[in-house]
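Chemist: Shown below is the structure under consideration.
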Amino acid sequence: MENKRNKPSPARFWMWFNPIGRETGGWAFILNRVTALGLIFYLFLHLIVLGQLAKGPEGYDGFVALMHNPYVIVGELLVVAAGILHGLNGIRIILTTFGIGVTYQKTLFYTLMAVALITILIFGIRMFTA
Amino acid sequence: MSKPHAIIVGAGFTGTATAHDLALRGFDVTVIDRGDICNGTSGRTHGLLHCGGRYAVKDQESAIECIDENMLLRKIVPQAIEPNGGLFIALNESDLQYGEVFIEGCEACHIPIEEITPQKALQLEPNLNPGMLAAFLVPDGTFDPLRLALSFAATAKKNGAKFRIYTEAKSLILDGKGTVVGVDILDRASNKQSELRGDIVVNATGAWAGEIAEMAGADVPVKPTPGVMVAYEQRFVQRAINRLNKPGDGDIVVPQRRMVIVGTSSFEVSDLDYVPVFEDHVKLMLERGAELIPGIRNAKVRGKYMATRPLIGGGMGRSSARTFKCYDHKETDNVDGLVTITGGKATTLRAMAEKTADVVCEKLGVNTPCTTKDVQLISYRQYYSQPN
Amino acid sequence: MSQNWNITLKVSRQKEGETPHFDEYKMEVNPDEYVLDAVERVWAFMDRTLCYRHACHHSTCGACGMRVNDVEKLTCITYIRDMTHDGGTLKIEPLRNFPIISDLAVDMGTLYSRLESVGARSVLPAPEAEIENPPATWSADDGQYIRLADCIECGLCISACPSAATSDEYLGPAILAGAQANGLKRNPELLALVDCEHGVWRCHSAFECTAVCPSFVDPARRIMDLRTQIIKERFTRLFHKA
């Protein structure tokens, strides 16, 4: 008589990313997971790129030329954003784990996200005008 | 000799307590209910563990049943009870006068009461009406409706009883002699019909007892009488607060968790399966509740609902006795194999079960006496965590 | 007195062996009624095959938890006016992360057996029940009063928890909250049960449990407090080893 459809299961990991019906804490949770995945993806990309650099001066020059491509700058900005968002939210998680700020975790999230937004804007401006 | 099989229709207070009693006496028990435990009247009870004071003047049979069972339940099922006592308070001359017969009545029914000054009462319960004229401490309490029944159900299950919930009794199976030998059931979860055969069918459907008995051509004089309850979002008092006067509407306020619940009213209805909440009844609860606890006037409503009590006997509304009765339909309607238990109050569930089980045992020639007074009920959670 | 609304109830249905689907019921409601009242009327007047769980109708039994428009709610105290509008829809689904018995009724067996395993108390002294914002004039004798615990074992928190969705071994917010209320000082044997991968450390701070709890338990805060209790206990054991 048991219904498997509704039972907890590792296969339902996609449930983490479902924002429907969630509140602030849930969105923060999803944001942390998405940025984490993004950063891991970036790590692999980074290692591949470093692999190219190991091929010598031709590889390096080619790489530097690529760096001025606007799409790549946007990509880098996304990485910076992911790092800042994940890092600041991570600080919130550390604080709440030790019992600090649990009662006002929503306010903490909004504040840190405001800080993140400003920081990302600053980085963005610097990266595009450099 | 194999165990006799009792089928109990209804998994409210009476059904679960009877299952517990019969299981202890060596019966095979199957309890069926079209919903889950306590989905009928029992779930929506006020939650007052009566000391009997309310009935000590006009209905002393009920009052004595209440105080005896109150003391017993505190011992056997403390896991579902807030045992903080109660107060009867007088707010006007009429209440004060009633106080005299109240004292006599409680004495006659061995209900321990203690008169205290209004000042002392306000010390104990600062949110009471400061215009109190008299106050009596009584051994009331609060119980959690579902968990009280679950405790009996869990213990019954441990002793072999089976609970088939979402299983509706569609009709009673009669043999050639007009004796009830089983129940035609519909498993509502799987939509499958089947037959359940037993040595005795116990009709424990409370307000619906008449409908079930009718399936065998039997009659039960139960008068379904709904009343409103209103729950407010603040625990104003620790004790149950009763108006010191003859039983009326909205004269009891019961604390439970972080709420207080004001009840109740009394009227007749024909459709039992759904009774709407009437706004004028809710307003009445607010007015009368605020007389006892002024803060209720500004409290937020948390819930409003109707509960249909099974009253028996010929009287109307509040003049009906609140006692219970077990009907052996062989005697009342010449229909054997069927027994109905109805009437009563939540507080007397164990006593109702004892009476019913006694009748059942006598009918089936089983000589085992009742032991439920001495058995501690197991954790109510084990109802859900034990398989059938 | 509110004007009546015309709404549609979209109810999740599933009998044994069938595929789950939604059935629609149009009805007239008073917006000041509760969602449970509407569900009850579907059963009483429109479709007797509907299975749903309910008992007390005043948030003490915890039986009527369902998902209403994708949010976990205790339907007996959830006003219809807070969930939809005139002409709108109420989508009613069973709680997540529990096996479905039928339609809206789920099997809460694991919740109850796990609460047993951490010895969560159903009644406790009133001060320990941590009544917040008590009336200023309460008497000093409060310690003598016993009351039912805040947690009504409704399962909303487990339904809302993303970790509970992916792990059937994770104890879950309600259980960890019950363990916290018990306290590791009172019950040191609980340590092994909660200090493990399926205990407090499986919580990843989504705070959805506290967001949906209808009964003031604040499981998220309790889980974090339990972590502090665990850390203190581990340190104590470390330095008190003979």
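Scheme for the structure tokens: letters A, B, ... for chains in order shown; per-chain residue numbers from 1; ligand numbers from 1 in order shown.
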If we count only C-alpha atoms, which residues of chain C reach to within 7 Å of chain A? Please list them as a list of chain:residue names.

Modeler: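 Here they are: C:Glu16, C:Asp70, C:Val71, C:Arg96, C:Asn97, C:Phe98, C:Pro99, C:Ile100, C:Ile101, C:Pro162, C:Ala164, C:Ala165, C:Thr166, C:Ser167, C:Asp168, C:Ser205, C:Ala206, C:Phe207, C:Glu208, C:Ala211, C:Arg221, C:Met224, C:Asp225, C:Thr228.
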
Chemist: Can you write just those residues out, N, CA and C atoms, as a short mmCIF file (atom, residue, chain, number, x, y, z; two decimals), in the first residue's frame?

Modeler:
data_model
loop_
_atom_site.label_atom_id
_atom_site.label_comp_id
_atom_site.auth_asym_id
_atom_site.auth_seq_id
_atom_site.Cartn_x
_atom_site.Cartn_y
_atom_site.Cartn_z
N GLU C 16 -4.94 3.14 -4.48
CA GLU C 16 -3.93 2.09 -4.62
C GLU C 16 -3.86 1.59 -6.06
N ASP C 70 1.21 24.76 -3.08
CA ASP C 70 2.65 24.48 -2.98
C ASP C 70 3.30 24.85 -1.66
N VAL C 71 2.51 25.22 -0.66
CA VAL C 71 3.13 25.54 0.63
C VAL C 71 2.53 24.64 1.70
N ARG C 96 4.77 16.12 1.43
CA ARG C 96 5.88 15.45 0.75
C ARG C 96 6.65 14.57 1.73
N ASN C 97 7.43 13.69 1.18
CA ASN C 97 8.39 12.91 1.96
C ASN C 97 7.78 11.90 2.91
N PHE C 98 6.50 11.61 2.73
CA PHE C 98 5.86 10.51 3.46
C PHE C 98 5.14 9.65 2.43
N PRO C 99 5.16 8.32 2.59
CA PRO C 99 4.43 7.48 1.64
C PRO C 99 2.94 7.81 1.69
N ILE C 100 2.31 7.81 0.51
CA ILE C 100 0.88 8.16 0.46
C ILE C 100 0.04 6.91 0.69
N ILE C 101 -0.93 7.03 1.61
CA ILE C 101 -1.86 5.92 1.82
C ILE C 101 -2.96 6.00 0.76
N PRO C 162 14.36 20.28 2.35
CA PRO C 162 14.97 19.72 1.15
C PRO C 162 15.89 18.54 1.42
N ALA C 164 15.36 16.31 3.78
CA ALA C 164 14.48 15.16 4.04
C ALA C 164 13.93 14.59 2.74
N ALA C 165 13.91 15.41 1.68
CA ALA C 165 13.39 14.93 0.41
C ALA C 165 14.32 13.90 -0.22
N THR C 166 15.62 14.07 0.05
CA THR C 166 16.58 13.22 -0.64
C THR C 166 17.14 12.12 0.22
N SER C 167 16.83 12.14 1.51
CA SER C 167 17.39 11.11 2.38
C SER C 167 16.30 10.55 3.26
N ASP C 168 16.02 9.25 3.13
CA ASP C 168 15.00 8.70 4.01
C ASP C 168 15.57 8.33 5.37
N SER C 205 20.68 24.09 6.58
CA SER C 205 20.27 25.47 6.84
C SER C 205 19.35 26.07 5.79
N ALA C 206 18.35 25.34 5.36
CA ALA C 206 17.38 25.95 4.46
C ALA C 206 16.32 26.73 5.23
N PHE C 207 16.17 26.44 6.53
CA PHE C 207 15.22 27.12 7.41
C PHE C 207 13.77 27.00 6.96
N GLU C 208 13.50 26.06 6.06
CA GLU C 208 12.12 25.89 5.60
C GLU C 208 11.25 25.33 6.70
N ALA C 211 9.95 28.01 8.79
CA ALA C 211 9.03 28.82 7.99
C ALA C 211 7.63 28.22 7.96
N ARG C 221 16.06 26.73 14.85
CA ARG C 221 16.80 27.23 16.01
C ARG C 221 17.18 26.07 16.91
N MET C 224 20.14 24.11 15.52
CA MET C 224 21.40 24.82 15.75
C MET C 224 21.79 24.75 17.21
N ASP C 225 20.80 24.84 18.09
CA ASP C 225 21.12 24.74 19.53
C ASP C 225 21.61 23.35 19.87
N THR C 228 25.20 23.09 19.19
CA THR C 228 26.01 23.66 20.27
C THR C 228 26.08 22.68 21.44
#

Chemist: Run DSSP on the backbone and grab whatever in segment 147-277 of chain B lands in strand (DSSP E or B); send it over as a ChimeraX atom specification.

Modeler: /B:162-164,167-174,180-187,192-197,200-203,222-232,240-243,252-256,259-263

Chemist: Which neighbours of Leu48 of chain B fall inside 7 Å, counting only C-alpha atoms, when residues of the same chain fewer than 5 positions from it are skipped, and could you give them as a list in words?

Modeler: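 Counting only C-alpha atoms, the residues come to Gly141, Thr142, Phe143 and Val254 of chain B.
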
Chemist: Please identify every residue of chain B that has at least one atom no more than 12 Å from any atom of chain A, counting only C-alpha atoms, and report them as number ranges by chain.

Modeler: B: 187, 189-190

Chemist: With only C-alpha atoms as the basis for distance, which of B:Ala156, B:Leu22, B:Ala240, B:Ile293 is at the shortest distance from Pro126 of chain B?

Modeler: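 Closest to Pro126 of chain B, using only C-alpha atoms: B:Ile293.
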
Chemist: For Val64 of chain A, find every residue with an atom within 12 Å (counting only C-alpha atoms), except residues of its own chain fewer than 4 positions away, and show them as a list in words.

Modeler: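 Counting only the stated atoms, we get Val49, Gln52, Leu53, Pro57, Glu58, Gly59, Tyr60, His68, Asn69, Val72 and Ile73 of chain A.
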
Chemist: Once DSSP has gone over the backbone, tell me which residues of segment 6-227 of chain C are in alpha helix (DSSP H), as a ChimeraX atom specification.

Modeler: /C:35-41,109-117,156-160,162-166,173-182,191-194,208-212,219-227

Chemist: Listing only residues of chain B within 8 Å of chain C, what is the closest atom pair and its distance in Å (to one decimal) for each, using only C-alpha atoms, sorted by chain and residue number ascending, as a Markdown table?

Modeler:
| residue | atom | partner | partner_atom | distance |
| --- | --- | --- | --- | --- |
| B:Gly35 | CA | C:Arg53 | CA | 7.0 |
| B:Asp36 | CA | C:Arg53 | CA | 6.1 |
| B:Ile37 | CA | C:Ala55 | CA | 7.5 |
| B:Cys38 | CA | C:Ala55 | CA | 5.4 |
| B:Asn39 | CA | C:Ala55 | CA | 4.5 |
| B:Gly40 | CA | C:Ala55 | CA | 7.0 |
| B:Ser42 | CA | C:Ala55 | CA | 7.6 |
| B:Gly43 | CA | C:Ala55 | CA | 4.2 |
| B:Arg44 | CA | C:Cys56 | CA | 4.4 |
| B:Thr45 | CA | C:Cys56 | CA | 7.3 |
| B:Gln79 | CA | C:Ser122 | CA | 6.0 |
| B:Ala80 | CA | C:Val123 | CA | 7.0 |
| B:Ile81 | CA | C:Leu148 | CA | 7.2 |
| B:Glu82 | CA | C:Arg147 | CA | 4.9 |
| B:Pro83 | CA | C:Ile146 | CA | 6.8 |
| B:Asn84 | CA | C:Tyr145 | CA | 6.1 |
| B:Gln123 | CA | C:Ser139 | CA | 6.5 |
| B:Leu124 | CA | C:Ser139 | CA | 6.2 |
| B:Glu125 | CA | C:Trp138 | CA | 7.2 |
| B:Pro126 | CA | C:Thr137 | CA | 6.1 |
| B:Asn127 | CA | C:Thr137 | CA | 8.0 |
| B:Asp144 | CA | C:Thr60 | CA | 7.1 |
| B:Pro145 | CA | C:Cys56 | CA | 6.9 |
| B:Leu146 | CA | C:Cys61 | CA | 5.8 |
| B:Arg147 | CA | C:Cys61 | CA | 7.3 |
| B:Tyr166 | CA | C:Cys51 | CA | 7.0 |
| B:Arg188 | CA | C:Thr49 | CA | 6.4 |
| B:Ala189 | CA | C:Ser102 | CA | 5.0 |
| B:Ser190 | CA | C:Glu16 | CA | 4.7 |
| B:Asn191 | CA | C:Lys15 | CA | 7.1 |
| B:Ala231 | CA | C:His58 | CA | 6.5 |
| B:Phe236 | CA | C:Pro135 | CA | 7.8 |
| B:Gln238 | CA | C:Tyr145 | CA | 7.2 |
| B:Gln256 | CA | C:Leu148 | CA | 7.2 |
| B:Arg257 | CA | C:Leu148 | CA | 5.5 |
| B:Arg258 | CA | C:Asp150 | CA | 7.6 |
| B:Asp273 | CA | C:Ala44 | CA | 6.1 |
| B:Tyr274 | CA | C:Ala44 | CA | 6.2 |
| B:Arg302 | CA | C:Ile77 | CA | 6.0 |
| B:Gly303 | CA | C:His58 | CA | 5.2 |
| B:Lys304 | CA | C:His58 | CA | 7.2 |
| B:Tyr305 | CA | C:His57 | CA | 6.4 |
| B:Arg381 | CA | C:Tyr112 | CA | 5.3 |
| B:Gln382 | CA | C:Ser113 | CA | 7.0 |
| B:Tyr384 | CA | C:Gly109 | CA | 4.9 |
| B:Ser385 | CA | C:Gly109 | CA | 4.6 |
| B:Gln386 | CA | C:Gly109 | CA | 7.8 |

Chemist: Figure out the distance between atom CA of Ile64 of chain B and atom CA of Lys373 of chain B, please, to one decimal in Å.

Modeler: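 The value is 16.0 Å.
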
Chemist: Which one is closest to Ala36 of chain A: A:Gly124, A:Pro70, A:Pro19, A:Gly87? Count only C-alpha atoms.

Modeler: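 The shortest atom-to-atom distance to Ala36 of chain A comes from A:Gly87.
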
Chemist: With only C-alpha atoms as the counted atoms, please give the residues lying no more than 12 Å from Arg186 of chain C, apart from itself and same-chain residues fewer than 6 positions off, as a list in words.

Modeler: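 Surrounding residues, per the criterion: Val118, Gly119, Ala120, Arg121, Ala179, Gln180, Gln229 and Glu233 of chain C.
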
Chemist: Could the residues of segment 74-97 of chain A that have an atom at most 8 Å from segment 108-118 of chain A be listed as JSON lines, each with its closest atom pair and the distance in Å to one decimal, counting only C-alpha atoms and ordered by chain and ascending residue number?

Modeler:
{"residue": "A:Ala81", "atom": "CA", "partner": "A:Ala116", "partner_atom": "CA", "distance": 7.7}
{"residue": "A:Ile84", "atom": "CA", "partner": "A:Ala116", "partner_atom": "CA", "distance": 6.1}
{"residue": "A:Leu85", "atom": "CA", "partner": "A:Ala116", "partner_atom": "CA", "distance": 6.0}
{"residue": "A:Leu88", "atom": "CA", "partner": "A:Leu112", "partner_atom": "CA", "distance": 6.2}
{"residue": "A:Asn89", "atom": "CA", "partner": "A:Phe109", "partner_atom": "CA", "distance": 6.9}
{"residue": "A:Arg92", "atom": "CA", "partner": "A:Leu108", "partner_atom": "CA", "distance": 7.0}

Chemist: Emit the selected residues as a PDB file, in the first residue's frame, including C-alpha atoms.

Modeler:
ATOM      1  CA  ALA A  81      29.690  36.946  -8.289  1.00  0.00           C
ATOM      2  CA  ILE A  84      31.050  36.560  -3.342  1.00  0.00           C
ATOM      3  CA  LEU A  85      27.486  35.278  -2.995  1.00  0.00           C
ATOM      4  CA  LEU A  88      28.921  35.794   2.184  1.00  0.00           C
ATOM      5  CA  ASN A  89      26.021  33.368   2.462  1.00  0.00           C
ATOM      6  CA  ARG A  92      25.732  33.461   7.392  1.00  0.00           C
TER       7      ARG A  92
END

Chemist: Hey, can you check how far atom CA of Ile296 of chain B sits from atom CA of Gly248 of chain B?

Modeler: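 Separating atom CA of Ile296 of chain B from atom CA of Gly248 of chain B is a distance of 18.6 Å.
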